[in-house]
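Peer 1: Mind looking over this structure? Questions follow.
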Amino acid sequence: MMITPVFLRMFPAMRVKITGLDPHQQYYIAMDIVPVDNKRYRYVYHSSKWMVAGNADSPVPPRVYIHPDSLASGDTWMRQVVSFDKLKLTNNELDDQGHIILHSMHKYQPRVHVIRKDFSSDLSPTKPVPSGDGVKTFNFPETVFTTVTAYQNQQITRLKIDRNPFAKGFRDSGRNRTGLEAIMETYAFWRPPVRTLTFEDFTTMQKQQGE
């Protein structure tokens with residue numbers, strides 16, 4: 001299987017291109033976001049670096065974003081770019097809207113999961129992603145990000161706003177947008193170049209496991 005990430009420097013506007021699926025098999029596509037480590041971070045202005053500031057906060061409830069086009073055939077998935085731009089993040093640990101919950105000032109890694117229909121019985125927005133031969137997980141080091149509730153660098157703020165023609169909320173001087181939702185909206189429409197990573201497809205994996 002080959003999966004090609006199309007991503008921003010910071011989540012959420014991540015898109016992938018998948019090949020190597022069985023065209024006639026049915027699949028779910030899902031995403032979760034896991035901690036990179038057990039640390040909390042702070043931004044040091046005078047050195048422009050992220051530094052460890054202590055131990056991570058308590059784990060948050062597991063959340064999985066199941067792509068709204070699921071369930072679909074391998075042929076359908078391979079004919080489109082799979083976009084996760086509707087996925088929403090929150091730092092509200094009491095969220096009941098199905099958003100993925102993250103702690104601010106922590107490092108996270110998005111993971112994309114390709115799940116065959118027959119391995120999806122335990123697939124749920126509020127449970128860890130099931131494991132098994134019919135589940136393939138992809139992650140890309142380039143997509144690791146640090147959560148913030150405000151940009152730590154004004155030049156980065158300006159760069160992101162300038163690159164997003166739809167960031168009206170940030171250009172409107174009469175509005176004071178704060179919080180994760182406002183921050184993430186600046187990323188929604190910027191589409192950077194594609195990079196390709198190659199993986200074994202399910203057919204090859206099944207043959208090897210049957211030997």
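If you're wondering about the labels, chains in the structure tokens are A, B, ... by order shown, residues count from 1 in each chain, ligands from 1 in order shown.
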Applying 7 Å and only C-alpha atoms, which residues near Ala72 (chain A) remain after dropping the ones on its own chain fewer than 5 positions away? List them as a VMD selection string.
Peer 2: chain A and resid 26 to 28 77
Peer 1: Would you save the residues from that selection as a compact mmCIF listing (two decimals), in the first residue's frame, using N, CA and C atoms?
Peer 2:
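The resulting file, again.txt, is reproduced below:
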# COMPACT_ATOMS: atom_id res chain seq x y z
N GLN A 26 -14.22 -3.50 1.38
CA GLN A 26 -14.76 -2.32 2.05
C GLN A 26 -13.84 -1.92 3.20
N TYR A 27 -13.62 -0.60 3.32
CA TYR A 27 -12.70 -0.09 4.34
C TYR A 27 -13.29 1.13 5.06
N TYR A 28 -12.87 1.27 6.31
CA TYR A 28 -13.03 2.51 7.05
C TYR A 28 -11.68 3.23 7.04
N TRP A 77 -11.83 4.82 -2.26
CA TRP A 77 -10.80 5.52 -1.50
C TRP A 77 -9.61 5.90 -2.39
Peer 1: Within 7 Å of Ala30 (chain A), counting only C-alpha atoms, which residues show up once you throw out same-chain ones fewer than 4 positions away? Write them as a ChimeraX atom specification, please.
Peer 2: /A:64-67,112-114
Peer 1: Store the residues picked out above, limited to all heavy atoms, as a PDB file, in the first residue's frame.
Peer 2:
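What landed in out09.pdb:
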ATOM      1  N   VAL A  64     -11.453   8.967  18.408  1.00  0.00           N
ATOM      2  CA  VAL A  64     -11.092   8.575  17.048  1.00  0.00           C
ATOM      3  C   VAL A  64     -12.017   9.295  16.085  1.00  0.00           C
ATOM      4  O   VAL A  64     -13.241   9.301  16.271  1.00  0.00           O
ATOM      5  CB  VAL A  64     -11.205   7.049  16.848  1.00  0.00           C
ATOM      6  CG1 VAL A  64     -10.910   6.670  15.398  1.00  0.00           C
ATOM      7  CG2 VAL A  64     -10.264   6.316  17.795  1.00  0.00           C
ATOM      8  N   TYR A  65     -11.431   9.905  15.059  1.00  0.00           N
ATOM      9  CA  TYR A  65     -12.216  10.544  14.009  1.00  0.00           C
ATOM     10  C   TYR A  65     -12.392   9.541  12.876  1.00  0.00           C
ATOM     11  O   TYR A  65     -11.422   9.134  12.236  1.00  0.00           O
ATOM     12  CB  TYR A  65     -11.512  11.794  13.501  1.00  0.00           C
ATOM     13  CG  TYR A  65     -12.214  12.463  12.334  1.00  0.00           C
ATOM     14  CD1 TYR A  65     -13.313  13.278  12.541  1.00  0.00           C
ATOM     15  CD2 TYR A  65     -11.750  12.280  11.029  1.00  0.00           C
ATOM     16  CE1 TYR A  65     -13.950  13.909  11.479  1.00  0.00           C
ATOM     17  CE2 TYR A  65     -12.381  12.908   9.962  1.00  0.00           C
ATOM     18  CZ  TYR A  65     -13.475  13.711  10.191  1.00  0.00           C
ATOM     19  OH  TYR A  65     -14.109  14.332   9.127  1.00  0.00           O
ATOM     20  N   ILE A  66     -13.633   9.107  12.641  1.00  0.00           N
ATOM     21  CA  ILE A  66     -13.933   8.183  11.556  1.00  0.00           C
ATOM     22  C   ILE A  66     -14.338   9.011  10.347  1.00  0.00           C
ATOM     23  O   ILE A  66     -15.288   9.798  10.419  1.00  0.00           O
ATOM     24  CB  ILE A  66     -15.056   7.210  11.952  1.00  0.00           C
ATOM     25  CG1 ILE A  66     -14.660   6.428  13.213  1.00  0.00           C
ATOM     26  CG2 ILE A  66     -15.369   6.252  10.809  1.00  0.00           C
ATOM     27  CD1 ILE A  66     -15.780   5.579  13.788  1.00  0.00           C
ATOM     28  N   HIS A  67     -13.598   8.879   9.264  1.00  0.00           N
ATOM     29  CA  HIS A  67     -13.844   9.710   8.095  1.00  0.00           C
ATOM     30  C   HIS A  67     -15.299   9.563   7.649  1.00  0.00           C
ATOM     31  O   HIS A  67     -15.826   8.448   7.561  1.00  0.00           O
ATOM     32  CB  HIS A  67     -12.904   9.328   6.959  1.00  0.00           C
ATOM     33  CG  HIS A  67     -12.860  10.353   5.878  1.00  0.00           C
ATOM     34  ND1 HIS A  67     -13.835  10.458   4.912  1.00  0.00           N
ATOM     35  CD2 HIS A  67     -11.963  11.341   5.622  1.00  0.00           C
ATOM     36  CE1 HIS A  67     -13.545  11.454   4.100  1.00  0.00           C
ATOM     37  NE2 HIS A  67     -12.415  12.010   4.514  1.00  0.00           N
ATOM     38  N   VAL A 112      -3.057   7.859  10.788  1.00  0.00           N
ATOM     39  CA  VAL A 112      -4.124   7.492   9.873  1.00  0.00           C
ATOM     40  C   VAL A 112      -4.253   5.975   9.874  1.00  0.00           C
ATOM     41  O   VAL A 112      -3.249   5.259   9.760  1.00  0.00           O
ATOM     42  CB  VAL A 112      -3.839   8.000   8.450  1.00  0.00           C
ATOM     43  CG1 VAL A 112      -4.959   7.585   7.492  1.00  0.00           C
ATOM     44  CG2 VAL A 112      -3.685   9.521   8.440  1.00  0.00           C
ATOM     45  N   HIS A 113      -5.487   5.480   9.981  1.00  0.00           N
ATOM     46  CA  HIS A 113      -5.735   4.047  10.056  1.00  0.00           C
ATOM     47  C   HIS A 113      -6.623   3.606   8.892  1.00  0.00           C
ATOM     48  O   HIS A 113      -7.670   4.224   8.630  1.00  0.00           O
ATOM     49  CB  HIS A 113      -6.437   3.684  11.370  1.00  0.00           C
ATOM     50  CG  HIS A 113      -5.746   4.212  12.587  1.00  0.00           C
ATOM     51  ND1 HIS A 113      -4.706   3.541  13.212  1.00  0.00           N
ATOM     52  CD2 HIS A 113      -5.924   5.364  13.285  1.00  0.00           C
ATOM     53  CE1 HIS A 113      -4.295   4.248  14.263  1.00  0.00           C
ATOM     54  NE2 HIS A 113      -5.017   5.355  14.321  1.00  0.00           N
ATOM     55  N   VAL A 114      -6.198   2.574   8.203  1.00  0.00           N
ATOM     56  CA  VAL A 114      -6.998   1.946   7.149  1.00  0.00           C
ATOM     57  C   VAL A 114      -7.495   0.619   7.720  1.00  0.00           C
ATOM     58  O   VAL A 114      -6.698  -0.250   8.061  1.00  0.00           O
ATOM     59  CB  VAL A 114      -6.165   1.718   5.876  1.00  0.00           C
ATOM     60  CG1 VAL A 114      -7.031   1.104   4.777  1.00  0.00           C
ATOM     61  CG2 VAL A 114      -5.553   3.036   5.392  1.00  0.00           C
TER      62      VAL A 114
END
Peer 1: Which of these, A:Arg63, A:Lys107, A:Arg158, A:His99, has the shortest distance to Thr126 (chain A) once you count only C-alpha atoms?
Peer 2: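 Checking each of A:Arg63, A:Lys107, A:Arg158, A:His99 against Thr126 (chain A), counting only C-alpha atoms, the winner is A:Arg63.
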Peer 1: Neighbours of Ile101 (chain A) within 8 Å (only C-alpha atoms; same-chain residues fewer than 5 positions away dropped), as an mmCIF file with N, CA, C and O atoms, in the first residue's frame?
Peer 2:
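Below is the file that was written, selection02.cif:
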data_model
loop_
_atom_site.group_PDB
_atom_site.id
_atom_site.type_symbol
_atom_site.label_atom_id
_atom_site.label_comp_id
_atom_site.auth_asym_id
_atom_site.auth_seq_id
_atom_site.Cartn_x
_atom_site.Cartn_y
_atom_site.Cartn_z
ATOM 1 N N VAL A 60 -6.030 12.103 28.371
ATOM 2 C CA VAL A 60 -7.405 12.498 28.064
ATOM 3 C C VAL A 60 -8.161 11.288 27.517
ATOM 4 O O VAL A 60 -7.552 10.307 27.083
ATOM 5 N N PRO A 61 -9.495 11.330 27.523
ATOM 6 C CA PRO A 61 -10.273 10.202 26.985
ATOM 7 C C PRO A 61 -9.925 9.954 25.519
ATOM 8 O O PRO A 61 -9.731 10.897 24.755
ATOM 9 N N PRO A 62 -9.810 8.681 25.116
ATOM 10 C CA PRO A 62 -9.469 8.387 23.718
ATOM 11 C C PRO A 62 -10.567 8.840 22.767
ATOM 12 O O PRO A 62 -11.761 8.662 23.053
ATOM 13 N N ARG A 63 -10.174 9.425 21.664
ATOM 14 C CA ARG A 63 -11.120 9.844 20.637
ATOM 15 C C ARG A 63 -10.576 9.440 19.272
ATOM 16 O O ARG A 63 -9.373 9.574 19.009
ATOM 17 N N LEU A 89 -10.575 19.868 16.907
ATOM 18 C CA LEU A 89 -9.824 19.672 18.145
ATOM 19 C C LEU A 89 -10.397 20.539 19.252
ATOM 20 O O LEU A 89 -10.982 21.589 19.004
ATOM 21 N N THR A 90 -10.181 20.106 20.473
ATOM 22 C CA THR A 90 -10.595 20.905 21.623
ATOM 23 C C THR A 90 -9.664 20.612 22.789
ATOM 24 O O THR A 90 -9.039 19.553 22.852
ATOM 25 N N ASN A 91 -9.561 21.564 23.715
ATOM 26 C CA ASN A 91 -8.847 21.304 24.970
ATOM 27 C C ASN A 91 -9.834 21.172 26.129
ATOM 28 O O ASN A 91 -9.441 21.196 27.286
ATOM 29 N N ASN A 92 -11.101 21.006 25.790
ATOM 30 C CA ASN A 92 -12.151 20.828 26.793
ATOM 31 C C ASN A 92 -12.291 19.346 27.104
ATOM 32 O O ASN A 92 -12.815 18.565 26.310
ATOM 33 N N GLU A 93 -11.838 18.927 28.286
ATOM 34 C CA GLU A 93 -11.869 17.518 28.661
ATOM 35 C C GLU A 93 -13.285 17.005 28.896
ATOM 36 O O GLU A 93 -13.497 15.794 28.972
ATOM 37 N N ASP A 95 -15.735 17.698 26.759
ATOM 38 C CA ASP A 95 -16.387 17.787 25.453
ATOM 39 C C ASP A 95 -17.293 16.585 25.192
ATOM 40 O O ASP A 95 -16.903 15.440 25.433
#
Peer 1: Let me make sure I understand: among A:Met78, A:Gly54, A:Gln155, A:Pro141, which one has the smallest atom-to-atom distance to Lys17 (chain A) if we use only C-alpha atoms?
Peer 2: A:Met78
Peer 1: Under the rule that only C-alpha atoms are counted, which of A:Gln154, A:Leu71, A:Met105, A:Val34 is the nearest residue to Ser48 (chain A)?
Peer 2: A:Gln154
Peer 1: Taking into account only C-alpha atoms, which residue in the set A:Pro110, A:Gly98, A:His24, A:Thr157 is nearest to Ser124 (chain A)?
Peer 2: A:Gly98
Peer 1: Per DSSP on the backbone, filter region 10-119 of chain A down to the residues in alpha helix (DSSP H) and report them as a ChimeraX atom specification.
Peer 2: /A:74-78
Peer 1: Could you write out that same residue set with C-alpha atoms as a PDB file, in the first residue's frame?
Peer 2:
ATOM      1  CA  GLY A  74     -10.936   0.363  -1.864  1.00  0.00           C
ATOM      2  CA  ASP A  75     -11.614   1.630  -5.371  1.00  0.00           C
ATOM      3  CA  THR A  76     -13.527   4.633  -3.991  1.00  0.00           C
ATOM      4  CA  TRP A  77     -10.798   5.524  -1.499  1.00  0.00           C
ATOM      5  CA  MET A  78      -8.029   5.236  -4.108  1.00  0.00           C
TER       6      MET A  78
END
Peer 1: Select, from A:Leu21, A:Lys136, A:Phe119, A:His106, the residue with the minimum atom-to-atom distance to Tyr43 (chain A), counting only C-alpha atoms.
Peer 2: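 Using only C-alpha atoms, Tyr43 (chain A) sits closest to A:His106.
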Peer 1: What is the CA of Ile115 (chain A) to CA of Met31 (chain A) distance in Å?
Peer 2: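 CA of Met31 (chain A) lies 10.7 Å from CA of Ile115 (chain A).
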Peer 1: Region 8-178 of chain A: which residues are strand (DSSP E) by DSSP, as a ChimeraX atom specification?
Peer 2: /A:15-19,26-35,39-44,49-55,65-66,72-73,82-83,89-90,100-101,107-116,135-139,145-146
Peer 1: Measure the distance from CA of Thr19 (chain A) to CA of Gln109 (chain A) in Å and round it to one decimal.
Peer 2: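 Distance between the two atoms: 22.2 Å.
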Peer 1: What does the distance from CA of Thr149 (chain A) to CA of Arg40 (chain A) come to in Å, to one decimal?
Peer 2: 14.1 Å
Peer 1: Just want the 12 Å neighbourhood of region 49-53 of chain A, counted on only C-alpha atoms, with same-chain residues fewer than 2 positions away dropped. Output as number ranges by chain.
Peer 2: A: 37-47, 55-57, 105-107, 145-148, 152-153
Peer 1: Keeping only C-alpha atoms, write the selected residues as a JSON list (two decimals), in the first residue's frame.
Peer 2:
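What ended up in result08.json:
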[["chain", "number", "residue", "atom", "x", "y", "z"],
["A", 37, "ASP", "CA", 6.08, 11.75, 24.85],
["A", 38, "ASN", "CA", 5.14, 12.29, 28.49],
["A", 39, "LYS", "CA", 6.30, 15.91, 28.67],
["A", 40, "ARG", "CA", 4.73, 19.32, 28.84],
["A", 41, "TYR", "CA", 6.43, 22.18, 26.97],
["A", 42, "ARG", "CA", 6.84, 25.93, 27.11],
["A", 43, "TYR", "CA", 8.10, 28.35, 24.51],
["A", 44, "VAL", "CA", 11.23, 30.32, 25.48],
["A", 45, "TYR", "CA", 11.06, 33.63, 23.67],
["A", 46, "HIS", "CA", 14.66, 34.79, 24.05],
["A", 47, "SER", "CA", 15.98, 31.61, 22.41],
["A", 55, "ASN", "CA", 5.57, 16.06, 33.12],
["A", 56, "ALA", "CA", 2.57, 15.72, 30.83],
["A", 57, "ASP", "CA", -0.93, 16.29, 32.15],
["A", 105, "MET", "CA", 1.48, 22.80, 25.27],
["A", 106, "HIS", "CA", 1.98, 19.08, 24.53],
["A", 107, "LYS", "CA", 3.42, 17.34, 21.47],
["A", 145, "PHE", "CA", 2.88, 19.34, 16.33],
["A", 146, "THR", "CA", 2.71, 21.24, 19.61],
["A", 147, "THR", "CA", -0.70, 22.42, 20.73],
["A", 148, "VAL", "CA", -1.12, 26.07, 21.69],
["A", 152, "GLN", "CA", 4.12, 31.96, 20.21],
["A", 153, "ASN", "CA", 5.71, 33.83, 17.30]]
